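Data first, discussion second: the structure below is written as structure tokens.
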There are 2 protein chains.
Amino acid sequence: MDRKAHPCGDGTWNSIMATLSDADRLVLANGLILADPARPVTVPHGRTVISGDMLAQVNVPRDDEALHGKILDCSGCLIMPGLVNAHTHGAMSLLRGVADDLPLDTWLNKYIFPAEAKHAGPDFVHLGTALSAVEMALGGITTFADGYFHMEMSARAAVEVGLRGVIAQGILDVPAPDAATPGSWLDRARAFFDGFPHDPLVHPALFCHSPYLCGPETLQRARDLARRLDALLFSHVSETRWETDEIKRRYGSRPVEHLNNLGILGKGFVAVHGVHLADKEMELLAESGTAVVHCPESNMKLASGAAPVQKLLDRGITVALGTDGPASNNNLDLFEEMRSASLMAKLISSDPEALSAGALLRTATIDAARALGMDDRIGSLAPGKLADVIVVDLDRPHLTPMYDPLSHIVYAARASDVKHVIVNGRIIVENHRIKTVDDRDIKQRARAFASALCKDLGIETDFGALLNHDRQDYV
Amino acid sequence: MDRKAHPCGDGTWNSIMATLSDADRLVLANGLILADPARPVTVPHGRTVISGDMLAQVNVPRDDEALHGKILDCSGCLIMPGLVNAHTHGAMSLLRGVADDLPLDTWLNKYIFPAEAKHAGPDFVHLGTALSAVEMALGGITTFADGYFHMEMSARAAVEVGLRGVIAQGILDVPAPDAATPGSWLDRARAFFDGFPHDPLVHPALFCHSPYLCGPETLQRARDLARRLDALLFSHVSETRWETDEIKRRYGSRPVEHLNNLGILGKGFVAVHGVHLADKEMELLAESGTAVVHCPESNMKLASGAAPVQKLLDRGITVALGTDGPASNNNLDLFEEMRSASLMAKLISSDPEALSAGALLRTATIDAARALGMDDRIGSLAPGKLADVIVVDLDRPHLTPMYDPLSHIVYAARASDVKHVIVNGRIIVENHRIKTVDDRDIKQRARAFASALCKDLGIETDFGALLNHDRQDYV
């Protein structure tokens with residue numbers, strides 16, 4: 001059922017429902033529900049009905065809704081909106097853990113850049129993004145915002161796994177894996193939009209790497225292209241102290257001021273990281289309605305610093321949570337990321353009341369949806385919204401007893417507690433298993449890629465190959 | 001097979017092995033092994049043989065060891081030492097998430113203390129510790145150091161679940177749940193030692209709450225009793241800035257200096273937290289051979305501060321990792337705790353090389369064993385050591401590919417990746433399921449307790465009861 005083609009609003013929904021065949025109908029029964037993360041009320045749950053790709057009924061009494069169609073018993077579970085990962089580089093799962101505990105420049109120049117220069121072709125992006133999409137789906141992420149190269153392949157992986165994706169083509173003023181000469185990015189970006197798949201799950205966008213790897217002209221051209229195509233423009237902004245110093249040296253202003261001077265800030269622009277922000281930069285972000293993506297674990301692991309999230313929220317700026325890429329994190333787990341964001345904020349401010357569980361859950365759901373311009377369609381559960389729903393198993397020792405489900409989701413739950421995942425009305429994870437792709441095949445191909453990379457980088461022991469080999473033995 | 005009664009050392013082990021019946025024999029086959037966390041070398045694994053409660057052979061070639069006895073196929077997995085949680089208050093799982101995002105005094109005075117005053121009897125400790133022990137076992141923790149009251153019940157829970165425990169009876173100069181009048185703690189502690197179960201899994205110890213809730217005389221008497229009984233003495237030390245100021249005000253010196261003046265520091269004493277430490281205090285800890293337990297997530301969540309772990313390690317001080325109690329964390333997950341410790345250290349020092357994966361794994365295994373005086377018996381895998389072994393499933397999307405298993409364990413793995421857990425030669429978790437106790441019954445009793453507490457504290461919605469009720473319905 002195509003959402004846009006739907007003939008009616010909420011009012012006459014019930015009559016429409018009655019005419020639908022059971023094949024289009026999915027009923028979530030029992031359990032608890034946290035429908036709206038902006039109003040952290042959790043009530044006992046009756047029935048929630050999905051029709052096609054949309055939510056038709058949310059939490060109606062159990063006697064009001066006949067049980068026909070496919071039934072998903074959510075006893076012992078919490079039904080909630082799918083998580084939205086507002087920043088990652090999905091393809092980089094293939095480089096996960098290739099090097100850790102290193103200064104950023106060693107990590108980049110000795111490991112990441114050489115690996116990317118040789119390997120980051122379309123197949124790399126397809127395989128790496130598929131692997132990441134499977135990990136994200138199993139962990140309750142229903143939408144991800146991805147930034148890398150050869151991004152048609154990211155879109156393909158998202159559609160194959162069944163995740164919703166904002167798929168942003170990377171832009172650099174230096175040679176990129178899919179744009180060999182500086183300046184050719186513009187043709188590349190146009191071709192990306194022209195060839196983008198027509199699928200309701202994926203939305204094309206642009207990703208300028210940063211104000212230090214994209215000059216003023218590139219930033220402005222990318223902005224113009226994005227606006228013309230009604231697409232989002234992302235950029236890493238104010239990630240490190242070095243960046244702030246470098247932009248001041250080059251342009252005489254701090255990164256956010258520089259972007260403001262260029263006319264980049266505003267609703268369609270998403271600033272990723274925002275770690276080192278002066279007060280006047282926060283004012284500019286607030287005035288312009290620019291959203292910020294917070295990636296606490298990456299910022300800690302690379303020792304970049306702590307973003308002033310509470311201050312951003314206090315100014316009314318939309319803050320979304322992101323995992324960053326799996327090469328710098330090293331997993332794609334928004335449950336862990338919520339917890340880390342809260343712990344870091346409390347530590348930095350010496351205030352145990354900073355960044356409450358409720359605030360954190362919003363950054364990973366409705367606020368992340370708002371940052372991506374999709375809060376009218378995803379990020380909470382309401383009739384007429386798209387059916388992106390997760391079901392979290394609460395019947396676990398580490399979630400027992402339970403005084404407040406919201407506290408558990410942020411402070412105690414794990415990605416592995418996610419039992420069912422529904423995206424666009426389709427069950428893509430059921431009983432902790434991915435249903436859309438052959439995850440075993442994806443993992444084996446990822447290990448085969450790693451074997452080749454080990455040889456290139458002079459990594460002596462190929463542990464993945466040992467595992468693949470191991471599986472062929474009998475005890 | 002009693003370890004102490006064993007007639008021989010390593011040299012003649014093979015001949016002894018041949019005479020053992022298969023019932024006593026467990027063989028781990030295939031997979032990878034990380035036997036010694038102090039030497040982070042991971043090699044392909046052949047066979048590891050457990051005989052009774054001990055490791056008989058570690059990683060011998062697969063052709064050298066006949067496959068008889070019980071066989072555990074570890075294909076696709078990493079075999080490693082069980083994790084050692086050097087600090088928790090197991091019983092407090094029953095108060096998990098009862099209140100969060102609050103200043104410490106509100107949290108304690110409005111919620112925790114009233115709940116404990118009314119409920120923290122023997123049954124509370126038995127049930128709460130059992131629930132925590134199940135959570136810890138499922139997450140790969142094979143030894144825990146516990147501090148609370150009615151600690152015979154903690155010992156009982158440890159033995160029932162099959163975990164190794166250092167069970168420390170709490171001491172306060174104010175009325176405690178099991179010592180109503182100040183000063184009666186001494187009789188209580190003596191009775192605790194007299195009645196302590198004779199079981200190789202559990203070791204009695206003492207836990208002075210802190211230098212601010214235990215006066216000089218109490219600290220010294222507890223030290224004398226512990227030394228006479230060859231038991232460890234624990235205390236929270238230098239957890240908050242308030243504590244440092246208060247101890248200086250009362251005694252004219254900082255907490256560690258104060259303990260040094262009283263003759264408390266040394267090998268048998270374990271200082272928990274160590275957040276606010278002056279250089280001279282670190283020198284005193286180093287000179288005296290006092291171990292420190294680091295609880296990063298609790299310290300962050302309560303906004304206590306960041307312990308100077310790298311500085312402690314640089315001075316040769318033994319640092320062990322602990323989760324702290326589940327009421328202030330809110331889970332008992334040492335994988336997450338390793339990751340948080342590393343991220344916090346990198347953030348605080350602005351150094352991405354601070355607290356490497358290898359250093360972190362040691363704090364959760366061999367160094368934690370050393371802090372508890374047990375590094376000759378647990379914390380690494382070697383012939384003649386006790387068989388506390390975990391098997392971690394590496395065949396997961398979020399652990400794929402794998403360039404370095406050590407990096408994955410610290411930066412990407414989850415407690416839920418633990419597949420098998422062996423303590424003292426006994427399989428207590430197999431294929432992610434606890435085998436020793438009825439975890440469903442424990443969870444239901446924990447929810448019933450929470451129902452009573454909700455009434456007492458005026459918590460309106462009893463979510464746990466909704467879940468318990470839910471399970472009786474049919475869709």
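Letters A, B, ... mark the chains of the structure tokens in the order given; residue numbers begin at 1 per chain; ligand numbers begin at 1, in order shown.
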
- Message: as a PyMOL selection string, please: the residues near Ile50 (chain A) (cut-off 12 Å, only C-alpha atoms, same-chain neighbours under 4 positions excluded).
- Response: chain A and resi 1+13+17+20+22-29+54-59+65+68-72+381-389+422-427

- Which neighbours of Glu297 (chain A) fall inside 10 Å, counting only C-alpha atoms, when residues of the same chain fewer than 6 positions from it are skipped, and could you give them as a ChimeraX atom specification? /A:303,306,322-324,328-331,336-341,344 /B:339-340,343-344,347

Residue neighbourhood Ile348 (chain B), 12 Å, only C-alpha atoms, exclusion window fewer than 2 positions, as an mmCIF file with N, CA and C atoms, in the first residue's frame:
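Generated output (selection-v9.cif):
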data_model
loop_
_atom_site.group_PDB
_atom_site.id
_atom_site.type_symbol
_atom_site.label_atom_id
_atom_site.label_comp_id
_atom_site.auth_asym_id
_atom_site.auth_seq_id
_atom_site.Cartn_x
_atom_site.Cartn_y
_atom_site.Cartn_z
ATOM 1 N N ASN A 299 33.335 10.418 19.824
ATOM 2 C CA ASN A 299 34.037 11.586 20.362
ATOM 3 C C ASN A 299 34.929 11.224 21.542
ATOM 4 N N MET A 300 34.469 10.279 22.362
ATOM 5 C CA MET A 300 35.297 9.836 23.491
ATOM 6 C C MET A 300 36.449 8.970 23.011
ATOM 7 N N LYS A 301 36.162 8.019 22.125
ATOM 8 C CA LYS A 301 37.190 7.049 21.724
ATOM 9 C C LYS A 301 38.341 7.738 21.002
ATOM 10 N N LEU A 302 38.016 8.742 20.172
ATOM 11 C CA LEU A 302 39.059 9.469 19.463
ATOM 12 C C LEU A 302 39.558 10.668 20.275
ATOM 13 N N ALA A 303 39.081 10.777 21.523
ATOM 14 C CA ALA A 303 39.505 11.849 22.430
ATOM 15 C C ALA A 303 39.263 13.223 21.826
ATOM 16 N N SER A 304 38.145 13.361 21.093
ATOM 17 C CA SER A 304 37.830 14.642 20.455
ATOM 18 C C SER A 304 37.275 15.651 21.445
ATOM 19 N N GLY A 305 36.565 15.154 22.462
ATOM 20 C CA GLY A 305 35.969 16.051 23.451
ATOM 21 C C GLY A 305 34.507 15.716 23.679
ATOM 22 N N ALA A 306 33.858 16.546 24.513
ATOM 23 C CA ALA A 306 32.461 16.289 24.890
ATOM 24 C C ALA A 306 31.575 17.410 24.373
ATOM 25 N N MET A 344 28.325 10.561 29.965
ATOM 26 C CA MET A 344 29.302 11.604 29.647
ATOM 27 C C MET A 344 28.786 12.974 30.076
ATOM 28 N N LEU A 347 29.016 13.339 33.832
ATOM 29 C CA LEU A 347 30.413 13.483 34.259
ATOM 30 C C LEU A 347 30.932 14.900 33.989
ATOM 31 N N ILE A 348 30.719 15.351 32.760
ATOM 32 C CA ILE A 348 31.278 16.634 32.334
ATOM 33 C C ILE A 348 30.674 17.802 33.106
ATOM 34 N N MET B 300 30.281 7.986 36.748
ATOM 35 C CA MET B 300 29.733 8.927 35.781
ATOM 36 C C MET B 300 28.257 9.201 36.080
ATOM 37 N N GLY B 305 32.815 11.854 39.373
ATOM 38 C CA GLY B 305 34.092 12.260 38.791
ATOM 39 C C GLY B 305 34.755 11.087 38.095
ATOM 40 N N ALA B 306 35.987 11.333 37.612
ATOM 41 C CA ALA B 306 36.714 10.327 36.834
ATOM 42 C C ALA B 306 37.985 9.921 37.574
ATOM 43 N N ALA B 307 38.072 8.647 37.932
ATOM 44 C CA ALA B 307 39.267 8.161 38.625
ATOM 45 C C ALA B 307 40.487 8.247 37.690
ATOM 46 N N PRO B 308 41.656 8.565 38.253
ATOM 47 C CA PRO B 308 42.873 8.715 37.432
ATOM 48 C C PRO B 308 43.517 7.354 37.147
ATOM 49 N N VAL B 309 42.815 6.512 36.399
ATOM 50 C CA VAL B 309 43.230 5.110 36.241
ATOM 51 C C VAL B 309 44.605 4.984 35.591
ATOM 52 N N GLN B 310 44.837 5.758 34.533
ATOM 53 C CA GLN B 310 46.135 5.639 33.863
ATOM 54 C C GLN B 310 47.267 5.998 34.826
ATOM 55 N N SER B 340 33.279 1.583 28.787
ATOM 56 C CA SER B 340 33.080 2.892 29.420
ATOM 57 C C SER B 340 34.366 3.388 30.074
ATOM 58 N N ALA B 341 35.107 2.474 30.709
ATOM 59 C CA ALA B 341 36.366 2.867 31.348
ATOM 60 C C ALA B 341 37.334 3.416 30.315
ATOM 61 N N SER B 342 37.409 2.758 29.184
ATOM 62 C CA SER B 342 38.328 3.204 28.145
ATOM 63 C C SER B 342 37.894 4.542 27.569
ATOM 64 N N LEU B 343 36.608 4.664 27.251
ATOM 65 C CA LEU B 343 36.109 5.902 26.647
ATOM 66 C C LEU B 343 36.304 7.078 27.604
ATOM 67 N N MET B 344 35.994 6.850 28.882
ATOM 68 C CA MET B 344 36.145 7.931 29.862
ATOM 69 C C MET B 344 37.600 8.354 29.988
ATOM 70 N N ALA B 345 38.508 7.382 30.027
ATOM 71 C CA ALA B 345 39.931 7.708 30.188
ATOM 72 C C ALA B 345 40.442 8.505 28.990
ATOM 73 N N LYS B 346 40.019 8.130 27.796
ATOM 74 C CA LYS B 346 40.464 8.840 26.594
ATOM 75 C C LYS B 346 39.913 10.273 26.595
ATOM 76 N N SER B 350 42.278 13.542 27.005
ATOM 77 C CA SER B 350 42.419 13.994 25.607
ATOM 78 C C SER B 350 43.456 13.163 24.864
ATOM 79 N N ASP B 351 43.571 11.882 25.225
ATOM 80 C CA ASP B 351 44.596 11.022 24.633
ATOM 81 C C ASP B 351 43.950 9.710 24.175
ATOM 82 N N PRO B 352 43.843 9.504 22.846
ATOM 83 C CA PRO B 352 43.200 8.280 22.362
ATOM 84 C C PRO B 352 43.996 7.015 22.671
ATOM 85 N N GLU B 353 45.228 7.187 23.131
ATOM 86 C CA GLU B 353 46.026 6.018 23.476
ATOM 87 C C GLU B 353 45.854 5.613 24.946
ATOM 88 N N ALA B 354 45.145 6.419 25.731
ATOM 89 C CA ALA B 354 44.949 6.102 27.151
ATOM 90 C C ALA B 354 44.137 4.827 27.306
ATOM 91 N N LEU B 355 44.470 4.032 28.310
ATOM 92 C CA LEU B 355 43.748 2.788 28.642
ATOM 93 C C LEU B 355 43.402 1.960 27.410
#

- Query: When distances are computed from only C-alpha atoms, which of A:Met136, A:Leu360, A:Leu285, A:Met402 shows the smallest separation from chain B?
  - Reply: A:Met402

I'd like a table as a Markdown table: residues in region 111-203 of chain B with an atom no more than 10 Å from region 368-371 of chain B, each row giving the shortest atom pair and its distance in Å to one decimal, only C-alpha atoms counted, sorted by chain and rising residue number.
| residue | atom | partner | partner_atom | distance |
| --- | --- | --- | --- | --- |
| B:Thr143 | CA | B:Ala369 | CA | 8.7 |
| B:Phe144 | CA | B:Ala368 | CA | 9.7 |
| B:Ala145 | CA | B:Ala368 | CA | 9.8 |

- Query: Quick one: residues within 10 Å of region 241-248 of chain A, only C-alpha atoms counted, chain neighbours fewer than 2 positions away excluded, as number ranges by chain?
  - Reply: A: 210-212, 237-239, 250-258, 275-277, 304-305

- Selection near Leu94 (chain A), 12 Å with only C-alpha atoms, sequence-local residues under 5 positions removed, as a PyMOL selection string: (chain A and resi 89+112+115-116+119-120+123-132+325-328+330-331+442-454+464) or (chain B and resi 397-403)

Write out as a CSV table (one decimal) with N, CA, C and O atoms, in the first residue's frame all residues of region 179-356 of chain B that backbone DSSP assigns to strand (DSSP E or B).
chain,number,residue,atom,x,y,z
B,179,ALA,N,22.4,-4.9,62.0
B,179,ALA,CA,23.1,-4.6,63.3
B,179,ALA,C,22.4,-3.3,63.8
B,179,ALA,O,22.9,-2.2,63.4
B,202,VAL,N,33.0,-19.8,47.8
B,202,VAL,CA,32.8,-18.5,48.5
B,202,VAL,C,33.8,-18.3,49.6
B,202,VAL,O,34.2,-19.2,50.3
B,203,HIS,N,34.2,-17.0,49.7
B,203,HIS,CA,35.2,-16.6,50.7
B,203,HIS,C,34.6,-15.4,51.5
B,203,HIS,O,34.2,-14.4,50.9
B,204,PRO,N,34.6,-15.5,52.8
B,204,PRO,CA,34.1,-14.4,53.6
B,204,PRO,C,35.1,-13.2,53.7
B,204,PRO,O,36.3,-13.4,53.6
B,205,ALA,N,34.6,-12.0,53.8
B,205,ALA,CA,35.4,-10.8,53.9
B,205,ALA,C,34.6,-9.7,54.7
B,205,ALA,O,33.4,-10.0,55.0
B,206,LEU,N,35.2,-8.6,54.9
B,206,LEU,CA,34.5,-7.5,55.6
B,206,LEU,C,34.5,-6.2,54.7
B,206,LEU,O,35.4,-6.0,53.9
B,207,PHE,N,33.4,-5.4,54.9
B,207,PHE,CA,33.3,-4.2,54.0
B,207,PHE,C,32.9,-3.0,54.9
B,207,PHE,O,31.8,-2.9,55.3
B,208,CYS,N,33.9,-2.2,55.3
B,208,CYS,CA,33.6,-1.0,56.0
B,208,CYS,C,33.0,0.0,55.0
B,208,CYS,O,33.6,0.2,53.9
B,233,LEU,N,39.6,-6.9,53.6
B,233,LEU,CA,38.8,-5.7,54.1
B,233,LEU,C,38.7,-4.8,52.9
B,233,LEU,O,39.6,-4.3,52.3
B,234,PHE,N,37.4,-4.4,52.6
B,234,PHE,CA,37.1,-3.4,51.6
B,234,PHE,C,36.6,-2.1,52.2
B,234,PHE,O,36.1,-2.1,53.3
B,235,SER,N,36.7,-1.0,51.5
B,235,SER,CA,36.0,0.2,51.9
B,235,SER,C,35.8,1.1,50.6
B,235,SER,O,36.7,1.1,49.8
B,236,HIS,N,34.7,1.7,50.5
B,236,HIS,CA,34.6,2.8,49.6
B,236,HIS,C,35.6,3.9,50.0
B,236,HIS,O,35.6,4.2,51.2
B,237,VAL,N,36.4,4.4,49.1
B,237,VAL,CA,37.4,5.5,49.5
B,237,VAL,C,37.4,6.5,48.4
B,237,VAL,O,37.5,6.2,47.2
B,269,PHE,N,43.8,-5.0,52.0
B,269,PHE,CA,42.8,-3.9,51.9
B,269,PHE,C,42.5,-3.5,50.5
B,269,PHE,O,43.5,-3.4,49.7
B,270,VAL,N,41.3,-3.4,50.1
B,270,VAL,CA,40.9,-3.0,48.8
B,270,VAL,C,40.1,-1.7,48.8
B,270,VAL,O,39.1,-1.6,49.5
B,271,ALA,N,40.6,-0.7,48.2
B,271,ALA,CA,40.0,0.7,48.1
B,271,ALA,C,39.1,0.8,46.9
B,271,ALA,O,39.5,0.7,45.8
B,272,VAL,N,37.8,1.0,47.2
B,272,VAL,CA,36.8,1.0,46.1
B,272,VAL,C,36.5,2.4,45.6
B,272,VAL,O,36.3,3.3,46.5
B,273,HIS,N,36.6,2.7,44.4
B,273,HIS,CA,36.4,4.0,43.7
B,273,HIS,C,37.7,4.8,43.5
B,273,HIS,O,38.1,4.9,42.3
B,291,ALA,N,45.2,-2.3,46.5
B,291,ALA,CA,44.5,-2.3,45.2
B,291,ALA,C,43.4,-1.4,45.2
B,291,ALA,O,42.8,-1.1,46.2
B,292,VAL,N,43.0,-0.9,44.0
B,292,VAL,CA,41.9,0.0,43.8
B,292,VAL,C,40.9,-0.6,42.8
B,292,VAL,O,41.3,-1.2,41.8
B,293,VAL,N,39.6,-0.5,43.2
B,293,VAL,CA,38.6,-0.9,42.2
B,293,VAL,C,37.9,0.3,41.6
B,293,VAL,O,37.5,1.2,42.2
B,294,HIS,N,37.9,0.2,40.2
B,294,HIS,CA,37.4,1.3,39.4
B,294,HIS,C,36.0,1.0,38.9
B,294,HIS,O,35.8,-0.1,38.4
B,319,VAL,N,44.8,-2.2,39.5
B,319,VAL,CA,43.4,-1.6,39.3
B,319,VAL,C,42.5,-2.7,38.8
B,319,VAL,O,42.8,-3.4,37.8
B,320,ALA,N,41.4,-2.9,39.5
B,320,ALA,CA,40.4,-3.9,39.2
B,320,ALA,C,39.2,-3.2,38.7
B,320,ALA,O,38.9,-2.1,39.2
B,321,LEU,N,38.4,-3.8,37.9
B,321,LEU,CA,37.2,-3.2,37.4
B,321,LEU,C,36.0,-3.7,38.2
B,321,LEU,O,35.9,-4.9,38.5

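Relative to CA of Ala413 (chain A), CA of Asp100 (chain A) is found at 26.0 Å.
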
- Skipping near chain neighbours, those fewer than 2 positions away, what residues fall within 12 Å of Leu78 (chain B) using only C-alpha atoms, listed as a PyMOL selection string? (chain A and resi 463-464+466-467+470) or (chain B and resi 28-35+42-46+73-76+80-82+389-395+399+402+404-406+408-409+413+417-421)

- Which of region 124-236 of chain B counts as helix (DSSP H, G or I) under DSSP, as an MDAnalysis selection string please? chainID B and resid 124:138 151:161 185:194 216:228

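From CA of Ala91 (chain A) back to CA of Leu229 (chain A), the distance works out to 24.7 Å.
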
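Residue nearest chain A, chosen from B:Gly165, B:Pro61, B:Pro296, B:Pro177 and counting only C-alpha atoms: B:Pro296.
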
- Note on the structure: As a check of understanding: the span from CA of Leu361 (chain B) to CA of Ala133 (chain B) is 20.8 Å

- Message: Need the shell around Gly268 (chain B): protein/DNA/RNA residues with any atom at most 8 Å away, counting only C-alpha atoms. Skip same-chain ones fewer than 3 positions apart. Format as an MDAnalysis selection string?
- Response: chainID B and resid 227 231:233 265 290 373

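The nearest approach to chain A among the residues B:Lys118, B:Arg228, B:Arg414, B:Arg433, with only C-alpha atoms taken into account, belongs to B:Arg414.
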